[in-house]
Structure formats: C-alpha cells, structure tokens
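**Student:** Contents of input.tsv (TSV, C-alpha atoms):
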chain	number	residue	atom	x	y	z
A	1	MET	CA	0.00	0.00	0.00
A	2	SER	CA	1.42	3.40	-1.00
A	3	SER	CA	1.69	6.30	1.45
A	4	ASP	CA	-1.22	8.06	-0.33
A	5	GLN	CA	-3.38	4.96	-0.06
A	6	LEU	CA	-2.42	4.59	3.60
A	7	ASP	CA	-3.42	8.20	4.28
A	8	GLU	CA	-6.73	7.66	2.51
A	9	GLN	CA	-7.41	4.51	4.55
A	10	ARG	CA	-6.61	6.30	7.81
A	11	GLU	CA	-8.88	9.19	6.89
A	12	ALA	CA	-11.68	6.75	6.10
A	13	ASP	CA	-11.15	4.91	9.41
A	14	TRP	CA	-11.13	8.23	11.27
A	15	MET	CA	-14.38	9.41	9.69
A	16	GLU	CA	-16.01	6.04	10.37
A	17	TYR	CA	-15.00	6.20	14.03
A	18	VAL	CA	-16.32	9.75	14.52
A	19	ALA	CA	-19.55	8.99	12.66
A	20	ASP	CA	-20.15	5.88	14.75
A	21	GLU	CA	-19.54	7.79	17.99
A	22	LEU	CA	-22.03	10.44	16.88
A	23	GLY	CA	-24.63	7.89	15.79
A	24	ILE	CA	-24.78	9.02	12.17
A	25	SER	CA	-23.50	7.76	8.81
A	26	VAL	CA	-20.21	8.77	7.24
A	27	ASP	CA	-22.12	10.50	4.41
A	28	GLU	CA	-24.05	12.54	6.97
A	29	LEU	CA	-20.80	13.43	8.75
A	30	HIS	CA	-19.35	14.69	5.45
A	31	GLU	CA	-22.49	16.74	4.90
A	32	LEU	CA	-22.10	18.35	8.32
A	33	ASP	CA	-18.46	19.27	7.53
A	34	ALA	CA	-17.56	18.70	11.20
A	35	GLN	CA	-14.26	19.92	12.67
A	36	THR	CA	-12.31	17.93	15.27
A	37	ASP	CA	-9.84	19.10	17.89
A	38	VAL	CA	-7.95	17.06	20.50
A	39	ASP	CA	-7.30	18.34	24.04
A	40	ASP	CA	-3.81	18.92	25.45
A	41	TYR	CA	-3.77	15.52	27.15
A	42	GLY	CA	-4.72	13.53	24.07
A	43	THR	CA	-7.74	11.90	25.73
A	44	VAL	CA	-10.77	13.89	24.50
A	45	LEU	CA	-11.81	14.80	20.96
A	46	THR	CA	-14.10	17.81	20.51
A	47	VAL	CA	-16.34	17.66	17.44
A	48	SER	CA	-17.72	21.05	16.30
A	49	PHE	CA	-20.42	21.93	13.77
A	50	GLY	CA	-21.10	25.16	11.88
A	51	ARG	CA	-24.22	27.24	12.47
A	52	ASP	CA	-25.38	26.59	8.91
A	53	CYS	CA	-25.44	22.80	9.35
A	54	PRO	CA	-28.82	21.16	8.57
A	55	VAL	CA	-30.92	21.11	11.73
A	56	GLU	CA	-32.37	17.69	10.90
A	57	LEU	CA	-28.88	16.19	10.83
A	58	LEU	CA	-27.82	17.87	14.06
A	59	GLY	CA	-30.91	16.36	15.67
A	60	LYS	CA	-29.66	12.85	14.86
A	61	ILE	CA	-26.39	13.24	16.79
A	62	LYS	CA	-26.19	11.30	20.05
A	63	GLY	CA	-25.66	13.50	23.10
A	64	LEU	CA	-25.95	16.83	21.25
A	65	GLY	CA	-28.39	19.07	23.11
A	66	LYS	CA	-30.67	21.62	21.51
A	67	GLY	CA	-28.72	24.70	20.49
A	68	GLN	CA	-25.35	22.98	21.01
A	69	LEU	CA	-22.80	23.05	18.22
A	70	SER	CA	-20.12	20.83	19.74
A	71	LEU	CA	-19.65	17.75	21.91
A	72	GLN	CA	-16.81	15.60	23.19
A	73	ILE	CA	-15.93	11.97	22.46
A	74	SER	CA	-12.98	9.78	23.43
A	75	TYR	CA	-9.83	10.26	21.36
A	76	PRO	CA	-9.08	7.11	19.27
A	77	HIS	CA	-5.37	6.50	19.88
A	78	HIS	CA	-5.54	3.39	17.71
A	79	LEU	CA	-6.33	5.67	14.77
A	80	ASP	CA	-3.72	8.34	15.54
A	81	ARG	CA	-3.18	10.10	12.23
A	82	ASN	CA	0.12	11.59	13.29
A	83	ASP	CA	1.81	8.25	13.92
A	84	ASP	CA	2.85	5.94	11.07
A	85	SER	CA	3.92	3.39	13.65
A	86	ASP	CA	5.04	3.43	17.23
A	87	TRP	CA	7.89	1.17	16.16
A	88	ASP	CA	10.64	1.80	13.66
A	89	ASP	CA	12.83	-0.73	11.88
A	90	THR	CA	15.32	-0.89	14.75
A	91	GLY	CA	12.77	-2.68	16.92
A	92	TYR	CA	12.20	-0.02	19.58
A	93	VAL	CA	9.72	2.80	20.06
A	94	ASP	CA	10.76	5.99	18.31
A	95	ASP	CA	9.25	8.39	20.88
A	96	PRO	CA	8.89	6.62	24.26
A	97	LYS	CA	7.86	9.81	26.10
A	98	ARG	CA	4.92	10.45	23.78
A	99	VAL	CA	3.73	6.84	24.10
A	100	PHE	CA	4.05	7.03	27.89
A	101	ASP	CA	2.11	10.30	28.04
A	102	HIS	CA	-0.77	8.75	26.09
A	103	ASN	CA	-0.85	5.77	28.44
A	104	TYR	CA	-0.55	7.95	31.54
A	105	TRP	CA	-3.43	10.25	30.64
A	106	ASP	CA	-5.58	7.32	29.55
A	107	LEU	CA	-5.01	5.63	32.92
A	108	THR	CA	-5.64	8.88	34.80
A	109	TYR	CA	-8.87	9.39	32.87
A	110	LEU	CA	-10.04	5.83	33.55
A	111	LEU	CA	-9.25	6.15	37.24
A	112	ASP	CA	-11.19	9.39	37.49
A	113	GLU	CA	-14.14	7.75	35.72
A	114	LEU	CA	-14.33	5.14	38.48
A	115	THR	CA	-15.26	7.88	40.93
A	116	ARG	CA	-18.14	9.00	38.71
A	117	ASP	CA	-19.75	5.74	37.58
A	118	ALA	CA	-21.98	3.68	39.83
A	119	LEU	CA	-20.18	0.41	39.18
A	120	PRO	CA	-20.59	-2.82	41.18
A	121	SER	CA	-17.94	-2.97	43.89
A	122	ARG	CA	-16.36	-6.11	42.44
A	123	ALA	CA	-15.98	-4.47	39.02
A	124	THR	CA	-14.43	-1.40	40.62
A	125	VAL	CA	-11.89	-3.49	42.54
A	126	LEU	CA	-10.83	-5.35	39.41
A	127	GLN	CA	-10.50	-2.15	37.39
A	128	ILE	CA	-8.40	-0.50	40.09
A	129	ARG	CA	-6.07	-3.52	40.08
A	130	MET	CA	-5.77	-3.39	36.30
A	131	ILE	CA	-4.92	0.32	36.30
A	132	PHE	CA	-2.40	-0.20	39.10
A	133	LYS	CA	-0.57	-2.92	37.18
A	134	GLU	CA	-0.76	-1.01	33.91
A	135	ALA	CA	0.92	1.99	35.54
A	136	PHE	CA	4.01	-0.16	36.08
A	137	SER	CA	3.79	-1.57	32.56
A	138	ALA	CA	3.82	1.97	31.15
A	139	LEU	CA	6.85	2.87	33.28
A	140	GLU	CA	8.77	-0.27	32.32
A	141	ALA	CA	8.04	0.28	28.63
A	142	TYR	CA	9.33	3.85	28.88
A	143	LEU	CA	12.49	2.81	30.72
A	144	GLY	CA	13.29	0.05	28.23
A	145	ASP	CA	12.43	1.92	25.04
A	146	THR	CA	14.20	5.09	26.17
A	147	ILE	CA	17.52	3.52	27.01
A	148	GLN	CA	17.50	1.56	23.74
A	149	THR	CA	16.78	4.74	21.81
A	150	VAL	CA	19.44	6.92	23.45
A	151	VAL	CA	22.13	4.23	23.72
A	152	LEU	CA	21.92	2.64	20.31
A	153	GLU	CA	22.01	6.04	18.61
A	154	ASN	CA	25.02	7.31	20.58
A	155	VAL	CA	28.41	5.67	20.06
A	156	GLY	CA	29.88	7.10	23.26
A	157	ALA	CA	26.98	5.89	25.37
A	158	LEU	CA	27.09	2.52	23.64
A	159	ARG	CA	30.75	2.03	24.58
A	160	LYS	CA	30.13	3.04	28.19
A	161	LEU	CA	27.27	0.62	28.45
A	162	VAL	CA	29.33	-2.20	26.96
A	163	LEU	CA	31.94	-1.66	29.67
A	164	ALA	CA	29.24	-1.67	32.34
A	165	ILE	CA	27.73	-4.89	31.02
A	166	GLN	CA	31.18	-6.48	30.82
A	167	LYS	CA	31.70	-5.62	34.49
A	168	LEU	CA	28.52	-7.52	35.24
A	169	LYS	CA	29.99	-10.44	33.27
A	170	GLU	CA	26.71	-10.87	31.43
A	171	VAL	CA	27.98	-10.44	27.87
A	172	LYS	CA	31.19	-11.99	26.55
A	173	LEU	CA	32.64	-10.99	23.18
A	174	ALA	CA	35.52	-12.74	21.44
A	175	LEU	CA	38.02	-10.86	19.27
A	176	SER	CA	37.00	-13.06	16.37
A	177	ASP	CA	33.43	-11.78	16.73
A	178	LEU	CA	34.60	-8.19	16.56
A	179	ALA	CA	36.69	-8.94	13.49
A	180	THR	CA	33.86	-10.53	11.52
A	181	ASN	CA	31.02	-8.18	12.50
A	182	GLU	CA	31.64	-4.48	13.00
A	183	ASP	CA	28.10	-4.07	14.36
A	184	ILE	CA	28.51	-6.78	16.98
A	185	LEU	CA	28.62	-4.31	19.87
A	186	GLN	CA	25.34	-2.70	18.92
A	187	ALA	CA	23.73	-6.07	18.22
A	188	GLU	CA	24.79	-7.55	21.56
A	189	VAL	CA	23.80	-4.47	23.56
A	190	LYS	CA	20.44	-4.35	21.80
A	191	LYS	CA	19.83	-8.02	22.63
A	192	TYR	CA	20.87	-7.42	26.23
A	193	LEU	CA	18.63	-4.38	26.66
A	194	GLN	CA	15.65	-6.13	25.09
A	195	GLY	CA	16.11	-9.01	27.53
A	196	THR	CA	16.38	-6.79	30.62
A	197	LEU	CA	13.51	-6.78	33.12
A	198	TYR	CA	12.74	-3.11	33.67
A	199	HIS	CA	10.96	-3.61	36.96
A	200	ASN	CA	14.43	-4.46	38.25
A	201	PHE	CA	14.98	-0.86	39.33
A	202	GLU	CA	18.40	-1.62	40.78
A	203	ARG	CA	19.69	-2.81	37.40
A	204	VAL	CA	17.89	-0.07	35.45
A	205	GLU	CA	19.36	2.64	37.67
A	206	GLN	CA	22.84	1.24	37.03
A	207	LEU	CA	22.34	1.08	33.25
A	208	TYR	CA	21.13	4.67	33.01
A	209	ARG	CA	23.89	5.94	35.27
A	210	GLU	CA	26.68	4.06	33.47
A	211	SER	CA	25.60	4.99	29.94
A	212	HIS	CA	24.56	8.64	30.39
A	213	GLY	CA	25.12	9.62	33.99
A	214	ILE	CA	21.35	9.85	34.43
A	215	ARG	CA	19.61	9.34	37.76
A	216	ILE	CA	16.15	7.79	37.61
A	217	TRP	CA	14.77	8.84	41.01
A	218	PRO	CA	13.50	12.42	41.40
A	219	SER	CA	13.47	12.00	45.19
A	220	GLU	CA	14.09	9.41	47.88
A	221	ASP	CA	10.37	9.43	48.74
A	222	VAL	CA	9.41	8.46	45.19
A	223	LYS	CA	12.03	5.72	45.19
A	224	VAL	CA	10.83	4.22	48.48
A	225	PHE	CA	7.19	4.45	47.39
A	226	LEU	CA	7.73	2.70	44.05
A	227	TYR	CA	9.90	-0.02	45.58
A	228	LYS	CA	7.01	-0.87	47.90
A	229	ALA	CA	4.41	-0.54	45.15
A	230	ARG	CA	6.52	-2.79	42.92
A	231	GLN	CA	6.25	-5.58	45.48
A	232	GLN	CA	2.47	-5.13	45.62
A	233	ARG	CA	2.29	-5.26	41.83
A	234	HIS	CA	4.26	-8.51	41.99
A	235	ASP	CA	1.80	-9.91	44.53
A	236	TYR	CA	-1.20	-8.98	42.37
A	237	THR	CA	0.44	-10.44	39.27
A	238	HIS	CA	1.36	-13.79	40.80
A	239	ARG	CA	-0.82	-14.37	43.89
A	240	ASN	CA	-3.96	-12.28	43.33
A	241	GLY	CA	-2.61	-9.62	45.67
A	242	ARG	CA	-1.70	-11.90	48.56
A	243	PRO	CA	1.73	-11.25	50.12
A	244	VAL	CA	3.86	-14.28	50.95
A	245	ASN	CA	3.30	-13.98	54.69
A	246	ARG	CA	-0.42	-13.15	54.66
A	247	ALA	CA	-3.56	-15.09	53.83
A	248	GLU	CA	-5.55	-12.08	52.58
A	249	PRO	CA	-4.60	-9.76	49.69
A	250	ALA	CA	-3.70	-6.16	50.43
A	251	GLU	CA	-6.50	-3.86	49.32
A	252	LEU	CA	-5.79	-1.19	46.73
A	253	SER	CA	-7.51	2.16	47.18
A	254	LEU	CA	-8.20	4.75	44.51
A	255	GLY	CA	-5.98	7.17	46.39
A	256	TYR	CA	-3.06	4.75	46.46
A	257	VAL	CA	-3.30	4.01	42.74
A	258	LYS	CA	-3.47	7.75	41.99
A	259	GLU	CA	-0.32	8.24	44.05
A	260	THR	CA	1.33	5.41	42.10
A	261	LEU	CA	0.49	7.13	38.83
A	262	ARG	CA	1.91	10.41	40.12
A	263	ALA	CA	5.12	8.68	41.22
A	264	VAL	CA	5.52	6.91	37.87
A	265	HIS	CA	4.92	10.19	36.06
A	266	ALA	CA	7.50	11.96	38.24
A	267	VAL	CA	10.17	9.38	37.32
A	268	VAL	CA	9.53	9.76	33.59
A	269	GLU	CA	9.52	13.57	33.74
A	270	TYR	CA	12.75	13.55	35.76
A	271	ILE	CA	14.55	11.28	33.29
A	272	ASP	CA	13.23	13.16	30.28
A	273	ALA	CA	14.42	16.50	31.66
A	274	GLN	CA	17.94	15.10	32.04
A	275	LEU	CA	17.90	13.70	28.50
A	276	GLU	CA	17.01	17.12	27.11
A	277	GLU	CA	20.15	18.55	28.70
A	278	LEU	CA	22.50	16.01	27.10
Before we go any further, please render this structure as structure tokens.

**Tutor:**
Amino acid sequence: MSSDQLDEQREADWMEYVADELGISVDELHELDAQTDVDDYGTVLTVSFGRDCPVELLGKIKGLGKGQLSLQISYPHHLDRNDDSDWDDTGYVDDPKRVFDHNYWDLTYLLDELTRDALPSRATVLQIRMIFKEAFSALEAYLGDTIQTVVLENVGALRKLVLAIQKLKEVKLALSDLATNEDILQAEVKKYLQGTLYHNFERVEQLYRESHGIRIWPSEDVKVFLYKARQQRHDYTHRNGRPVNRAEPAELSLGYVKETLRAVHAVVEYIDAQLEEL
C-alpha cells in the first residue's frame, strides 16, 4: 500500500469512528463538515459543527443538546493520524515519552471515571487492580524503550554501556566476533537491553547511570514508594494480591493508585528533563 493509499485509509477509518460515535452515517458526517480538535492531554476529541449545518442532521447526533454546536468523544489512539507506527525498523519505540504520556493520561482518565460511575464494587476493585498494574507496565516500557533509543544512537553511550555490562559479566565478546562483524557491539547491547527486566529498578538505575550519567529517582520518597508498590504489583500479578506472609490480599484504594500514577509520572519527567540537557 502506497503512502497516499495509507493516508486515505486512515482518513476513512477516522471518519467512520467519529460517525459511529455520533450515531450518524459517514455521508451525513461529510455533509455536516464537522471539525475535530484534540485536548492537550490527548484523551478527548471535541467535534464542532457550523451554524449553517442542517438542523435535521444535528438532531440525529447522540448527546448533542438543543442549540449545542459541539460535543466531546474519546480520542481514538488506535487511529492516531500523526503516527505511522510506534515502532521503527530498529525494533524499539521511536518516541517513548509520547507513548508514555498517552498511556498515563488514559489511565488517569479511567481512574477518574471510576469515581463517577456507579459500578458494582467487584468491578471497581478489578478495574483498580488493572490500572495499578498497567501503571508499572507503562513505566517499564518507557524505561526500556528510552535507554534503547538513546544508547543505540550514541556511540559514546554505547561504549560506556558495553563496559558496564562487561563488568557484570553478562555479555562476553571474542576478538573473532569483533573482526567478523563491526556491528557486533550494537547487536549484543540491543539483545541485552531487550532481555532486561525493567521492573528491576536496581539494574535499570545502574544502566542509566553508566551509559549517560542519568539518575532515575526524582526524590528518595518516590524511590521508596515505588519499591514498595513494585512488590504489591508482583503480589497482584502472581498471587492475586496476597503477600507471601499473609492469607488475605492487600487492598488497593483509589488514592493509592493515583499516588502510584503520580510517582511513575514523576520518574519519567525527571529522566526526560535530564535527557534534554545532554
């Protein structure tokens, strides 16, 4: 498929999504000549209509009150028109911060929605657990994708990281390997980084420090909080929330999960600010 055909397909998918959310057909949406605008957080899409739009068509739109000329719907990240692909041909995310921000605001939005909807208590508990675990997934993805991006594109950082990994005795390279493959260092480091577990904060902190002199913790309080939260995430992943020495799972509150999201966000912002100064 050519780039022009891809653009046409994306535009068609976009129009179909908006029309479906509004409860009208794509032809009717074209007739309305609607304008769309996304909010600063990338979570809400505002659809606006001109004053000369046919009244009978405006009356068909779900959720549009009398006299209103705009309404809001969820932003379809899966149809993001500004993103050819989150992944490039090197196998890592091209803009980890942007991907994290989308995830972070989506999770924040979902968590806030739990305080508004009258959901069954069991459903609420399960959703809180899912958001809690996903907060760590978003952080780990950012940590892994970011270090791959900045290391593999910087020869100096790559060499520093190779020395650090050699100290850990986790990668061994023979001179014959270096002689036959000039890209062996990058290939081995890439494989190592892709195999790293990024909830291993101790290892991650060392990798960032050795390669770029970057610290990952904005404060000791955030570090202590996320170390504890990491253990709870482990318990919920493997034992339905039950710690090793207790019969009952630890309960997650909305407030605690919100604090986890804030802590995760603080780590990412702190790292990103240091990267901008390099």

**Student:** Pick out the residues sitting within 12 Å of Gly59 in chain A, and hand them over as a ChimeraX atom specification; count all atoms listed in the file, and ignore anything fewer than 6 positions along from it in its own chain.

**Tutor:** /A:22-24,28,32,53,65-69

**Student:** Rounded to one decimal, what separation in Å do you get between CA of Phe225 in chain A and CA of Lys258 in chain A?

**Tutor:**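 These atoms are spaced 12.4 Å apart.
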
**Student:** Ranking A:Ala12, A:Lys160, A:Asp20, A:Gln35 by minimum distance to Lys60 in chain A and counting only C-alpha atoms, which one comes first?

**Tutor:** A:Asp20

**Student:** For a test of reading the model, state the distance in Å between CA of Leu254 in chain A and CA of Ile128 in chain A, rounded to one decimal.

**Tutor:**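 Result for CA of Leu254 in chain A versus CA of Ile128 in chain A: 6.9 Å, one decimal.
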
**Student:** Report, in Å with one decimal, the straight-line distance from CA of Ala138 in chain A to CA of Gln232 in chain A.

**Tutor:** 16.2 Å

**Student:** Just the residues within 8 Å of Ala34 in chain A, please, counting all atoms listed in the file, with nothing from its chain fewer than 6 positions along; format it as a ChimeraX atom specification.

**Tutor:** /A:47-50

**Student:** Return the single residue from A:Leu252, A:Val264, A:Leu143, A:Leu64 that is closest to Ser219 in chain A, with distances computed using only C-alpha atoms.

**Tutor:**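 For Ser219 in chain A, the nearest of the given residues is A:Val264.
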
**Student:** Name the residues in contact with Tyr198 in chain A at a cut-off of 12 Å, using all atoms listed in the file, excluding same-chain residues fewer than 2 positions from it; report them as a list in words.

**Tutor:**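 Counting only the stated atoms, we get Phe136, Ser137, Ala138, Leu139, Glu140, Ala141, Tyr142, Leu143, Gly144, Asp145, Thr146, Ile147, Gln148, Tyr192, Leu193, Gln194, Gly195, Thr196, Asn200, Phe201, Glu202, Arg203, Val204, Glu205, Gln206, Leu207, Tyr208 and Arg230 of chain A.
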
**Student:** Keeping only C-alpha atoms, write the selected residues as a PDB file, in the frame of the given file.

**Tutor:**
ATOM      1  CA  PHE A 136       4.010  -0.160  36.080  1.00  0.00           C
ATOM      2  CA  SER A 137       3.790  -1.570  32.560  1.00  0.00           C
ATOM      3  CA  ALA A 138       3.820   1.970  31.150  1.00  0.00           C
ATOM      4  CA  LEU A 139       6.850   2.870  33.280  1.00  0.00           C
ATOM      5  CA  GLU A 140       8.770  -0.270  32.320  1.00  0.00           C
ATOM      6  CA  ALA A 141       8.040   0.280  28.630  1.00  0.00           C
ATOM      7  CA  TYR A 142       9.330   3.850  28.880  1.00  0.00           C
ATOM      8  CA  LEU A 143      12.490   2.810  30.720  1.00  0.00           C
ATOM      9  CA  GLY A 144      13.290   0.050  28.230  1.00  0.00           C
ATOM     10  CA  ASP A 145      12.430   1.920  25.040  1.00  0.00           C
ATOM     11  CA  THR A 146      14.200   5.090  26.170  1.00  0.00           C
ATOM     12  CA  ILE A 147      17.520   3.520  27.010  1.00  0.00           C
ATOM     13  CA  GLN A 148      17.500   1.560  23.740  1.00  0.00           C
ATOM     14  CA  TYR A 192      20.870  -7.420  26.230  1.00  0.00           C
ATOM     15  CA  LEU A 193      18.630  -4.380  26.660  1.00  0.00           C
ATOM     16  CA  GLN A 194      15.650  -6.130  25.090  1.00  0.00           C
ATOM     17  CA  GLY A 195      16.110  -9.010  27.530  1.00  0.00           C
ATOM     18  CA  THR A 196      16.380  -6.790  30.620  1.00  0.00           C
ATOM     19  CA  ASN A 200      14.430  -4.460  38.250  1.00  0.00           C
ATOM     20  CA  PHE A 201      14.980  -0.860  39.330  1.00  0.00           C
ATOM     21  CA  GLU A 202      18.400  -1.620  40.780  1.00  0.00           C
ATOM     22  CA  ARG A 203      19.690  -2.810  37.400  1.00  0.00           C
ATOM     23  CA  VAL A 204      17.890  -0.070  35.450  1.00  0.00           C
ATOM     24  CA  GLU A 205      19.360   2.640  37.670  1.00  0.00           C
ATOM     25  CA  GLN A 206      22.840   1.240  37.030  1.00  0.00           C
ATOM     26  CA  LEU A 207      22.340   1.080  33.250  1.00  0.00           C
ATOM     27  CA  TYR A 208      21.130   4.670  33.010  1.00  0.00           C
ATOM     28  CA  ARG A 230       6.520  -2.790  42.920  1.00  0.00           C
TER      29      ARG A 230
END

**Student:** When you look at Leu111 in chain A with a cut-off of 9 Å (counting only C-alpha atoms), what residues show up, excluding the ones that are within fewer than 3 positions of it in the same chain? I need them as a PyMOL selection string.

**Tutor:** chain A and resi 106-108+114-115+127-128+131+254+257-258

**Student:** Padding 5 Å on each side, edges along x, y and z: where is the centre of the box around the listed atoms of range 216-233 of chain A, and how long are its edges in Å to one decimal? Output it as AutoDock Vina command-line options.

**Tutor:**
--center_x 9.2 --center_y 3.4 --center_z 43.2 --size_x 23.9 --size_y 28.0 --size_z 21.1

**Student:** With all atoms listed in the file as the atoms that count, which of A:Met130, A:Val189, A:Leu71, A:Val267 lies nearest to Val151 in chain A?

**Tutor:**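 Closest candidate: A:Val189.
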
**Student:** With all atoms listed in the file as the counted atoms, please give the residues lying no more than 12 Å from range 234-242 of chain A, apart from itself and same-chain residues fewer than 3 positions off, as a list in words.

**Tutor:**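 Selected residues are Val125, Leu126, Ile128, Arg129, Met130, Ile131, Phe132, Lys133, Glu134, Phe136, Ser137, His199, Asn200, Leu226, Tyr227, Lys228, Ala229, Arg230, Gln231, Asn245, Arg246, Ala247, Glu248, Pro249, Ala250, Glu251 and Leu252 of chain A.
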
**Student:** Nearest to Lys191 in chain A: which of A:Leu152, A:Val224, A:Leu278, A:Val26 is it, counting all atoms listed in the file?

**Tutor:**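 Result for the nearest residue to Lys191 in chain A: A:Leu152.
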
**Student:** Output range 153-167 of chain A with N, CA and C atoms present, as a short mmCIF file (atom, residue, chain, number, x, y, z; two decimals), in the coordinates of the input.

**Tutor:**
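Final output, saved to out.cif:
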data_model
loop_
_atom_site.label_atom_id
_atom_site.label_comp_id
_atom_site.auth_asym_id
_atom_site.auth_seq_id
_atom_site.Cartn_x
_atom_site.Cartn_y
_atom_site.Cartn_z
N GLU A 153 21.77 4.95 19.54
CA GLU A 153 22.01 6.04 18.61
C GLU A 153 23.20 6.90 19.01
N ASN A 154 23.91 6.52 20.08
CA ASN A 154 25.02 7.31 20.58
C ASN A 154 26.22 6.39 20.80
N VAL A 155 27.24 6.56 19.99
CA VAL A 155 28.41 5.67 20.06
C VAL A 155 29.09 5.73 21.42
N GLY A 156 29.23 6.95 21.96
CA GLY A 156 29.88 7.10 23.26
C GLY A 156 29.13 6.39 24.35
N ALA A 157 27.81 6.56 24.36
CA ALA A 157 26.98 5.89 25.37
C ALA A 157 27.01 4.38 25.19
N LEU A 158 27.05 3.95 23.93
CA LEU A 158 27.09 2.52 23.64
C LEU A 158 28.35 1.89 24.23
N ARG A 159 29.49 2.56 24.06
CA ARG A 159 30.75 2.03 24.58
C ARG A 159 30.74 1.98 26.11
N LYS A 160 30.20 3.02 26.72
CA LYS A 160 30.13 3.04 28.19
C LYS A 160 29.27 1.90 28.71
N LEU A 161 28.17 1.67 28.01
CA LEU A 161 27.27 0.62 28.45
C LEU A 161 27.89 -0.76 28.25
N VAL A 162 28.64 -0.93 27.18
CA VAL A 162 29.33 -2.20 26.96
C VAL A 162 30.28 -2.50 28.11
N LEU A 163 31.02 -1.48 28.54
CA LEU A 163 31.94 -1.66 29.67
C LEU A 163 31.19 -2.03 30.94
N ALA A 164 30.03 -1.38 31.14
CA ALA A 164 29.24 -1.67 32.34
C ALA A 164 28.72 -3.10 32.31
N ILE A 165 28.26 -3.54 31.15
CA ILE A 165 27.73 -4.89 31.02
C ILE A 165 28.85 -5.92 31.18
N GLN A 166 30.03 -5.59 30.66
CA GLN A 166 31.18 -6.48 30.82
C GLN A 166 31.54 -6.64 32.29
N LYS A 167 31.43 -5.53 33.05
CA LYS A 167 31.70 -5.62 34.49
C LYS A 167 30.75 -6.59 35.17
#
